[in-house]
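The structure file query.cif is reproduced below (mmCIF, C-alpha atoms and all ligand atoms).
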```
data_start
loop_
_atom_site.group_PDB
_atom_site.id
_atom_site.type_symbol
_atom_site.label_atom_id
_atom_site.label_comp_id
_atom_site.auth_asym_id
_atom_site.auth_seq_id
_atom_site.Cartn_x
_atom_site.Cartn_y
_atom_site.Cartn_z
ATOM 1 C CA MET A 1 72.985 97.272 165.950
ATOM 2 C CA GLN A 2 76.044 99.056 164.418
ATOM 3 C CA GLN A 3 78.322 96.618 166.281
ATOM 4 C CA ASP A 4 76.751 93.715 164.312
ATOM 5 C CA LEU A 5 77.808 95.215 160.986
ATOM 6 C CA ASN A 6 81.037 95.043 159.039
ATOM 7 C CA LYS A 7 81.740 97.463 156.185
ATOM 8 C CA CYS A 8 79.077 99.368 154.249
ATOM 9 C CA LEU A 9 78.999 97.733 150.812
ATOM 10 C CA VAL A 10 76.588 100.054 149.003
ATOM 11 C CA GLY A 11 75.764 103.560 150.240
ATOM 12 C CA ALA A 12 72.367 105.270 150.167
ATOM 13 C CA ASN A 13 73.258 107.708 147.359
ATOM 14 C CA GLU A 14 74.634 104.916 145.193
ATOM 15 C CA ILE A 15 71.431 102.916 145.713
ATOM 16 C CA LYS A 16 69.282 105.944 144.881
ATOM 17 C CA ALA A 17 71.128 106.612 141.624
ATOM 18 C CA LYS A 18 70.982 102.952 140.559
ATOM 19 C CA VAL A 19 67.255 102.650 141.330
ATOM 20 C CA LYS A 20 66.598 105.742 139.201
ATOM 21 C CA GLU A 21 68.633 104.305 136.335
ATOM 22 C CA LEU A 22 66.776 100.968 136.531
ATOM 23 C CA GLY A 23 63.391 102.729 136.630
ATOM 24 C CA GLU A 24 64.265 104.765 133.535
ATOM 25 C CA GLN A 25 65.409 101.685 131.612
ATOM 26 C CA ILE A 26 62.287 99.701 132.593
ATOM 27 C CA SER A 27 60.058 102.634 131.548
ATOM 28 C CA LYS A 28 61.697 102.710 128.103
ATOM 29 C CA ASP A 29 61.615 98.932 127.603
ATOM 30 C CA TYR A 30 57.952 98.516 128.552
ATOM 31 C CA ALA A 31 56.490 101.677 126.982
ATOM 32 C CA GLY A 32 53.030 100.878 125.555
ATOM 33 C CA LYS A 33 52.920 97.460 127.258
ATOM 34 C CA ASP A 34 50.703 96.096 130.019
ATOM 35 C CA LEU A 35 53.288 95.718 132.842
ATOM 36 C CA LEU A 36 52.679 93.909 136.125
ATOM 37 C CA VAL A 37 55.497 94.454 138.632
ATOM 38 C CA ILE A 38 55.679 91.659 141.223
ATOM 39 C CA GLY A 39 57.613 92.308 144.437
ATOM 40 C CA ILE A 40 58.931 89.323 146.371
ATOM 41 C CA LEU A 41 58.227 89.830 150.077
ATOM 42 C CA ASN A 42 59.678 90.693 152.453
ATOM 43 C CA GLY A 43 63.195 91.452 151.228
ATOM 44 C CA ALA A 44 62.276 93.372 148.071
ATOM 45 C CA VAL A 45 59.721 95.670 149.685
ATOM 46 C CA ILE A 46 61.930 98.754 150.076
ATOM 47 C CA PHE A 47 63.594 98.347 146.669
ATOM 48 C CA MET A 48 60.167 97.789 145.061
ATOM 49 C CA ALA A 49 58.688 100.903 146.711
ATOM 50 C CA ASP A 50 61.556 103.079 145.468
ATOM 51 C CA LEU A 51 61.766 101.440 142.025
ATOM 52 C CA ILE A 52 58.097 101.823 141.070
ATOM 53 C CA ARG A 53 58.285 105.538 141.878
ATOM 54 C CA GLU A 54 61.056 105.842 139.251
ATOM 55 C CA ILE A 55 58.911 104.095 136.610
ATOM 56 C CA THR A 56 57.174 106.667 134.460
ATOM 57 C CA ILE A 57 54.712 104.441 132.555
ATOM 58 C CA PRO A 58 51.403 103.069 133.931
ATOM 59 C CA ILE A 59 51.918 99.804 135.818
ATOM 60 C CA ASN A 60 50.084 97.401 138.107
ATOM 61 C CA ILE A 61 51.742 95.937 141.180
ATOM 62 C CA ASP A 62 51.293 92.755 143.163
ATOM 63 C CA PHE A 63 53.311 90.757 145.716
ATOM 64 C CA MET A 64 54.311 87.186 146.411
ATOM 65 C CA ALA A 65 55.924 85.807 149.542
ATOM 66 C CA VAL A 66 58.100 82.710 149.430
ATOM 67 C CA SER A 67 60.218 81.009 152.034
ATOM 68 C CA SER A 68 63.578 79.386 151.461
ATOM 69 C CA TYR A 69 65.767 80.714 154.294
ATOM 70 C CA GLY A 70 64.300 81.254 157.813
ATOM 71 C CA ALA A 71 66.820 82.293 160.480
ATOM 72 C CA THR A 72 69.850 81.068 158.527
ATOM 73 C CA THR A 73 72.155 82.410 155.815
ATOM 74 C CA GLU A 74 71.845 79.379 153.496
ATOM 75 C CA SER A 75 68.912 78.621 151.209
ATOM 76 C CA SER A 76 67.232 75.323 152.051
ATOM 77 C CA GLY A 77 66.617 74.878 148.325
ATOM 78 C CA VAL A 78 62.978 74.094 149.058
ATOM 79 C CA VAL A 79 60.832 77.060 148.044
ATOM 80 C CA ARG A 80 57.300 77.389 149.384
ATOM 81 C CA ILE A 81 54.699 79.997 148.415
ATOM 82 C CA LEU A 82 53.522 81.749 151.578
ATOM 83 C CA LYS A 83 51.442 84.366 149.741
ATOM 84 C CA ASP A 84 50.325 84.095 146.136
ATOM 85 C CA LEU A 85 49.387 86.897 143.724
ATOM 86 C CA ASP A 86 45.998 88.593 144.028
ATOM 87 C CA GLN A 87 45.655 88.913 140.240
ATOM 88 C CA SER A 88 46.123 86.815 137.110
ATOM 89 C CA VAL A 89 49.317 87.180 135.065
ATOM 90 C CA GLU A 90 47.665 85.851 131.889
ATOM 91 C CA ASN A 91 48.738 87.853 128.778
ATOM 92 C CA LYS A 92 50.565 90.405 130.972
ATOM 93 C CA HIS A 93 54.219 91.373 130.847
ATOM 94 C CA VAL A 94 55.553 90.353 134.254
ATOM 95 C CA LEU A 95 58.580 91.873 135.975
ATOM 96 C CA ILE A 96 59.741 90.029 139.101
ATOM 97 C CA VAL A 97 61.470 92.352 141.589
ATOM 98 C CA GLU A 98 63.904 90.594 143.951
ATOM 99 C CA ASP A 99 66.224 91.955 146.631
ATOM 100 C CA ILE A 100 69.111 89.588 145.924
ATOM 101 C CA ILE A 101 69.944 86.499 143.886
ATOM 102 C CA ASP A 102 72.198 84.058 145.646
ATOM 103 C CA SER A 103 71.915 80.328 144.770
ATOM 104 C CA GLY A 104 69.268 81.252 142.170
ATOM 105 C CA LEU A 105 66.923 78.531 143.469
ATOM 106 C CA THR A 106 64.172 80.916 144.583
ATOM 107 C CA LEU A 107 64.201 82.809 141.308
ATOM 108 C CA LYS A 108 64.239 79.666 139.163
ATOM 109 C CA TYR A 109 61.166 78.411 141.014
ATOM 110 C CA LEU A 110 59.366 81.751 140.690
ATOM 111 C CA VAL A 111 60.089 82.121 136.965
ATOM 112 C CA GLU A 112 58.898 78.573 136.278
ATOM 113 C CA ILE A 113 55.684 78.937 138.249
ATOM 114 C CA LEU A 114 54.828 82.309 136.695
ATOM 115 C CA LYS A 115 55.619 81.119 133.151
ATOM 116 C CA SER A 116 53.208 78.204 133.663
ATOM 117 C CA ARG A 117 50.377 80.734 134.184
ATOM 118 C CA GLY A 118 50.394 82.125 130.619
ATOM 119 C CA PRO A 119 51.977 85.603 130.865
ATOM 120 C CA ALA A 120 53.038 87.565 127.750
ATOM 121 C CA SER A 121 56.614 87.613 129.142
ATOM 122 C CA VAL A 122 58.549 87.183 132.388
ATOM 123 C CA LYS A 123 61.625 89.265 133.213
ATOM 124 C CA VAL A 124 63.655 89.740 136.393
ATOM 125 C CA CYS A 125 64.970 92.831 138.163
ATOM 126 C CA THR A 126 67.223 92.407 141.191
ATOM 127 C CA LEU A 127 68.957 94.985 143.336
ATOM 128 C CA LEU A 128 71.869 92.688 144.214
ATOM 129 C CA ASP A 129 73.463 89.656 142.594
ATOM 130 C CA LYS A 130 75.971 87.238 144.152
ATOM 131 C CA PRO A 131 76.995 85.192 141.069
ATOM 132 C CA ASP A 132 79.726 83.273 142.973
ATOM 133 C CA ARG A 133 77.013 81.471 144.960
ATOM 134 C CA ARG A 134 74.938 80.240 142.025
ATOM 135 C CA LYS A 135 73.673 76.633 142.187
ATOM 136 C CA THR A 136 71.438 76.919 139.131
ATOM 137 C CA GLU A 137 71.483 79.053 135.990
ATOM 138 C CA VAL A 138 69.077 81.996 136.008
ATOM 139 C CA HIS A 139 68.715 84.902 133.594
ATOM 140 C CA VAL A 140 68.655 88.390 135.116
ATOM 141 C CA ASP A 141 67.373 91.230 132.922
ATOM 142 C CA TYR A 142 67.969 94.213 135.220
ATOM 143 C CA ASN A 143 70.744 94.047 137.806
ATOM 144 C CA GLY A 144 71.609 96.762 140.313
ATOM 145 C CA PHE A 145 74.913 95.674 141.864
ATOM 146 C CA VAL A 146 77.070 92.559 141.574
ATOM 147 C CA ILE A 147 78.469 91.845 145.048
ATOM 148 C CA PRO A 148 80.984 89.377 146.494
ATOM 149 C CA ASP A 149 80.078 86.232 148.426
ATOM 150 C CA GLU A 150 79.140 87.912 151.713
ATOM 151 C CA PHE A 151 75.921 87.878 153.728
ATOM 152 C CA VAL A 152 74.444 91.356 153.488
ATOM 153 C CA VAL A 153 71.685 93.217 155.327
ATOM 154 C CA GLY A 154 69.908 96.560 155.061
ATOM 155 C CA TYR A 155 67.610 98.303 152.538
ATOM 156 C CA GLY A 156 65.020 95.552 152.998
ATOM 157 C CA LEU A 157 67.406 92.638 153.532
ATOM 158 C CA ASP A 158 67.294 91.012 156.935
ATOM 159 C CA TYR A 159 68.945 88.501 159.188
ATOM 160 C CA ASP A 160 66.341 86.917 161.464
ATOM 161 C CA GLU A 161 63.967 89.818 160.580
ATOM 162 C CA LYS A 162 66.434 92.484 161.772
ATOM 163 C CA TYR A 163 68.282 95.288 159.890
ATOM 164 C CA ARG A 164 65.684 95.760 157.087
ATOM 165 C CA HIS A 165 65.243 99.463 157.919
ATOM 166 C CA LEU A 166 68.897 100.435 157.301
ATOM 167 C CA GLN A 167 69.343 102.886 154.423
ATOM 168 C CA GLU A 168 72.602 101.311 153.195
ATOM 169 C CA ILE A 169 73.674 97.738 152.493
ATOM 170 C CA TYR A 170 76.129 96.263 155.003
ATOM 171 C CA VAL A 171 78.072 93.026 155.371
ATOM 172 C CA LEU A 172 76.846 91.278 158.531
ATOM 173 C CA LYS A 173 79.583 90.169 160.941
ATOM 174 C CA GLU A 174 80.039 86.395 160.789
ATOM 175 C CA GLU A 175 79.891 86.106 164.585
ATOM 176 C CA ILE A 176 76.221 87.197 164.451
ATOM 177 C CA TYR A 177 75.086 84.219 162.398
ATOM 178 C CA HIS A 178 77.710 81.739 163.681
ATOM 179 C CA SER A 179 76.938 82.327 167.352
HETATM 180 N N1 LIG B 201 69.628 89.238 153.987
HETATM 181 C C1 LIG B 201 70.078 88.489 152.994
HETATM 182 N N2 LIG B 201 69.238 87.659 152.329
HETATM 183 C C2 LIG B 201 69.764 86.911 151.361
HETATM 184 C C3 LIG B 201 71.130 86.956 151.011
HETATM 185 N N3 LIG B 201 71.341 86.097 149.997
HETATM 186 C C4 LIG B 201 70.143 85.553 149.730
HETATM 187 N N4 LIG B 201 69.184 86.033 150.546
HETATM 188 C C5 LIG B 201 67.738 85.703 150.570
HETATM 189 O O1 LIG B 201 67.467 84.559 149.786
HETATM 190 C C6 LIG B 201 66.703 84.858 148.633
HETATM 191 C C7 LIG B 201 67.268 84.248 147.382
HETATM 192 O O2 LIG B 201 68.124 83.221 147.641
HETATM 193 P P1 LIG B 201 68.515 82.153 146.573
HETATM 194 O O3 LIG B 201 69.629 81.390 147.243
HETATM 195 O O4 LIG B 201 67.311 81.269 146.362
HETATM 196 O O5 LIG B 201 68.981 82.839 145.317
HETATM 197 C C8 LIG B 201 66.767 86.350 148.492
HETATM 198 O O6 LIG B 201 65.589 86.829 147.891
HETATM 199 C C9 LIG B 201 66.910 86.785 149.921
HETATM 200 O O7 LIG B 201 65.651 86.901 150.517
HETATM 201 C C10 LIG B 201 71.978 87.856 151.721
HETATM 202 O O8 LIG B 201 73.212 88.001 151.490
HETATM 203 N N5 LIG B 201 71.405 88.596 152.695
HETATM 204 MG MG MG B 202 64.100 87.732 148.584
#
```
Output the structure of this file as structure tokens.
Ligand SMILES: Nc1nc2c(ncn2[C@@H]2O[C@H](COP(=O)(O)O)[C@@H](O)[C@H]2O)c(=O)[nH]1
Ligand SMILES: [Mg+2]
Amino acid sequence: MQQDLNKCLVGANEIKAKVKELGEQISKDYAGKDLLVIGILNGAVIFMADLIREITIPINIDFMAVSSYGATTESSGVVRILKDLDQSVENKHVLIVEDIIDSGLTLKYLVEILKSRGPASVKVCTLLDKPDRRKTEVHVDYNGFVIPDEFVVGYGLDYDEKYRHLQEIYVLKEEIYHS
């Protein structure tokens, strides 16, 4: 496992502090509003679990699963819904929680589909952002860390369903996905 990883990009304490800061900001911004926090499975599950416990206002949660990658490191650009929401977003303030924004294609699709369902608002919170890889313009409201153009794993992010349980975020060695 450790031999598959290059340097640690973001440590556990740094993640913890950032998640707390994001939770505090979200709590302030949505005070008195009906907030539905939507986690995007599977990558955002650990970030989502930690983030909602730093939010101090009442919220509802739900999850969506989409596919755009598979066992590769490049988005296919074709996004498919694998699991839809269990509840309506109509008249609710929606906060999408993503693990990472890369090309932006997944997020653009998600924002468009959710906006078409009549919410009061749609905002985006991501733990990681790789702006150098953008193929489409997307607006991010809450951003944890801007990172360089490297394929990262850990803290929910996988390669071929591995490494999600790691407490820190690591750069995956190229030989792992080029072999
Ligand atoms: N484990 C990793 N997953 C990644 C990385 N970059 C992107 N992704 C996955 O793709 C979607 C979003 O991709 P996008 O190209 O449509 O913006 C993201 O939610 C991840 O699941 C990465 O470096 N490591
Ligand atoms: Mg994701």
Any chance you could tabulate, as JSON lines, the residues of chain A at most 6 Å from ligand LIG 201 (chain B) with each one's nearest atom pair and distance in Å to one decimal, using only C-alpha atoms and all ligand atoms, in chain and rising number order?
```
{"residue": "A:Gly43", "atom": "CA", "partner": "B:LIG201", "partner_atom": "O7", "distance": 5.2}
{"residue": "A:Ser75", "atom": "CA", "partner": "B:LIG201", "partner_atom": "O3", "distance": 4.9}
{"residue": "A:Glu98", "atom": "CA", "partner": "B:LIG201", "partner_atom": "O6", "distance": 5.7}
{"residue": "A:Asp99", "atom": "CA", "partner": "B:LIG201", "partner_atom": "O6", "distance": 5.3}
{"residue": "A:Ile100", "atom": "CA", "partner": "B:LIG201", "partner_atom": "C8", "distance": 4.8}
{"residue": "A:Ile101", "atom": "CA", "partner": "B:LIG201", "partner_atom": "O5", "distance": 4.0}
{"residue": "A:Asp102", "atom": "CA", "partner": "B:LIG201", "partner_atom": "O5", "distance": 3.5}
{"residue": "A:Ser103", "atom": "CA", "partner": "B:LIG201", "partner_atom": "O3", "distance": 3.5}
{"residue": "A:Gly104", "atom": "CA", "partner": "B:LIG201", "partner_atom": "O5", "distance": 3.5}
{"residue": "A:Leu105", "atom": "CA", "partner": "B:LIG201", "partner_atom": "O4", "distance": 4.0}
{"residue": "A:Thr106", "atom": "CA", "partner": "B:LIG201", "partner_atom": "O4", "distance": 3.6}
{"residue": "A:Glu150", "atom": "CA", "partner": "B:LIG201", "partner_atom": "O8", "distance": 5.9}
{"residue": "A:Phe151", "atom": "CA", "partner": "B:LIG201", "partner_atom": "O8", "distance": 3.5}
{"residue": "A:Val152", "atom": "CA", "partner": "B:LIG201", "partner_atom": "O8", "distance": 4.1}
{"residue": "A:Val153", "atom": "CA", "partner": "B:LIG201", "partner_atom": "N1", "distance": 4.7}
{"residue": "A:Leu157", "atom": "CA", "partner": "B:LIG201", "partner_atom": "N1", "distance": 4.1}
{"residue": "A:Asp158", "atom": "CA", "partner": "B:LIG201", "partner_atom": "N1", "distance": 4.2}
{"residue": "A:Tyr159", "atom": "CA", "partner": "B:LIG201", "partner_atom": "N1", "distance": 5.3}
```
Do you know which residues are at most 9 Å from A:Asp4 counting all atoms listed in the file, after dropping those on the same chain fewer than 6 positions away, and could you put them as a PyMOL selection string? chain A and resi 172-176
Mind pulling up the distance from atom CA of A:Val37 to atom CA of A:Ile59? 7.0 Å
Check the smallest atom-to-atom distance from each of A:Asp129, A:Asp149, A:Glu54, A:Asp141 to ligand MG 202 (chain B) using only C-alpha atoms and all ligand atoms, then report the winner.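 So, comparing all the options, the nearest one is A:Asp129.
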Picked residues, the PyMOL selection byres (((chain A and resi 49) around 12) and not hetatm), expected as an MDAnalysis selection string: chainID A and resid 16 19:20 23 37:48 50:55 61:63 97:99 155:156
With the PyMOL selection byres (((chain A and resi 92) around 6) and not hetatm) as the selection, what would be picked from this file? Answer as a ChimeraX atom specification, please. /A:34,89-91,93-94,119-120
Any idea what the distance is between atom CA of A:Ile57 and atom CA of A:Val124?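 Computing the Euclidean distance for atom CA of A:Ile57 and atom CA of A:Val124 yields 17.6 Å.
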Atom-to-atom span, atom CA of A:Asp84 and atom CA of A:Gly144, Å: 25.4 Å
Evaluate the PyMOL selection byres (((chain A and resi 139) around 10) and not hetatm) against this structure - the residues, as a list of chain:residue names, please.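 Residues picked by the PyMOL selection byres (((chain A and resi 139) around 10) and not hetatm): A:Gly104, A:Leu107, A:Lys108, A:Val111, A:Lys123, A:Val124, A:Cys125, A:Glu137, A:Val138, A:Val140, A:Asp141, A:Tyr142.
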From the list A:Ile96, A:Leu127, A:Val66, A:Ile147, which residue is nearest A:Leu114 when using all atoms listed in the file?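 Result for the nearest residue to A:Leu114: A:Ile96.
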Which residue gives the smallest distance to ligand MG 202 (chain B) among A:Ser67, A:Lys7, A:Lys83, A:Ile169, with all atoms listed in the file counted?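 Under the stated criterion, the closest residue is A:Ser67.
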With distances taken over only C-alpha atoms and all ligand atoms, which of A:Ala65, A:Gln167, A:Ile113, A:Thr136 is nearest to ligand MG 202 (chain B)? A:Ala65
Counting only C-alpha atoms, which residue out of A:Asn143, A:Ile81, A:Pro148, A:Tyr177 sits closest to A:Pro131? A:Pro148
Using only C-alpha atoms, which residues sit within 6 Å of A:Glu168 once same-chain residues fewer than 3 positions away are excluded, as a PyMOL selection string? chain A and resi 10-12+154-155
Could you write out as AutoDock Vina command-line options the box around stretch 19-38 of chain A (axis-aligned, all atoms listed in the file, 8 Å on each side), with centre and edge lengths in Å to one decimal?
```
--center_x 59.7 --center_y 98.7 --center_z 133.4 --size_x 33.9 --size_y 30.1 --size_z 31.8
```
So, with all atoms listed in the file as the atoms that count, which of A:Asn13, A:Thr126, A:Ser121, A:Thr56 lies closest to ligand MG 202 (chain B)? A:Thr126
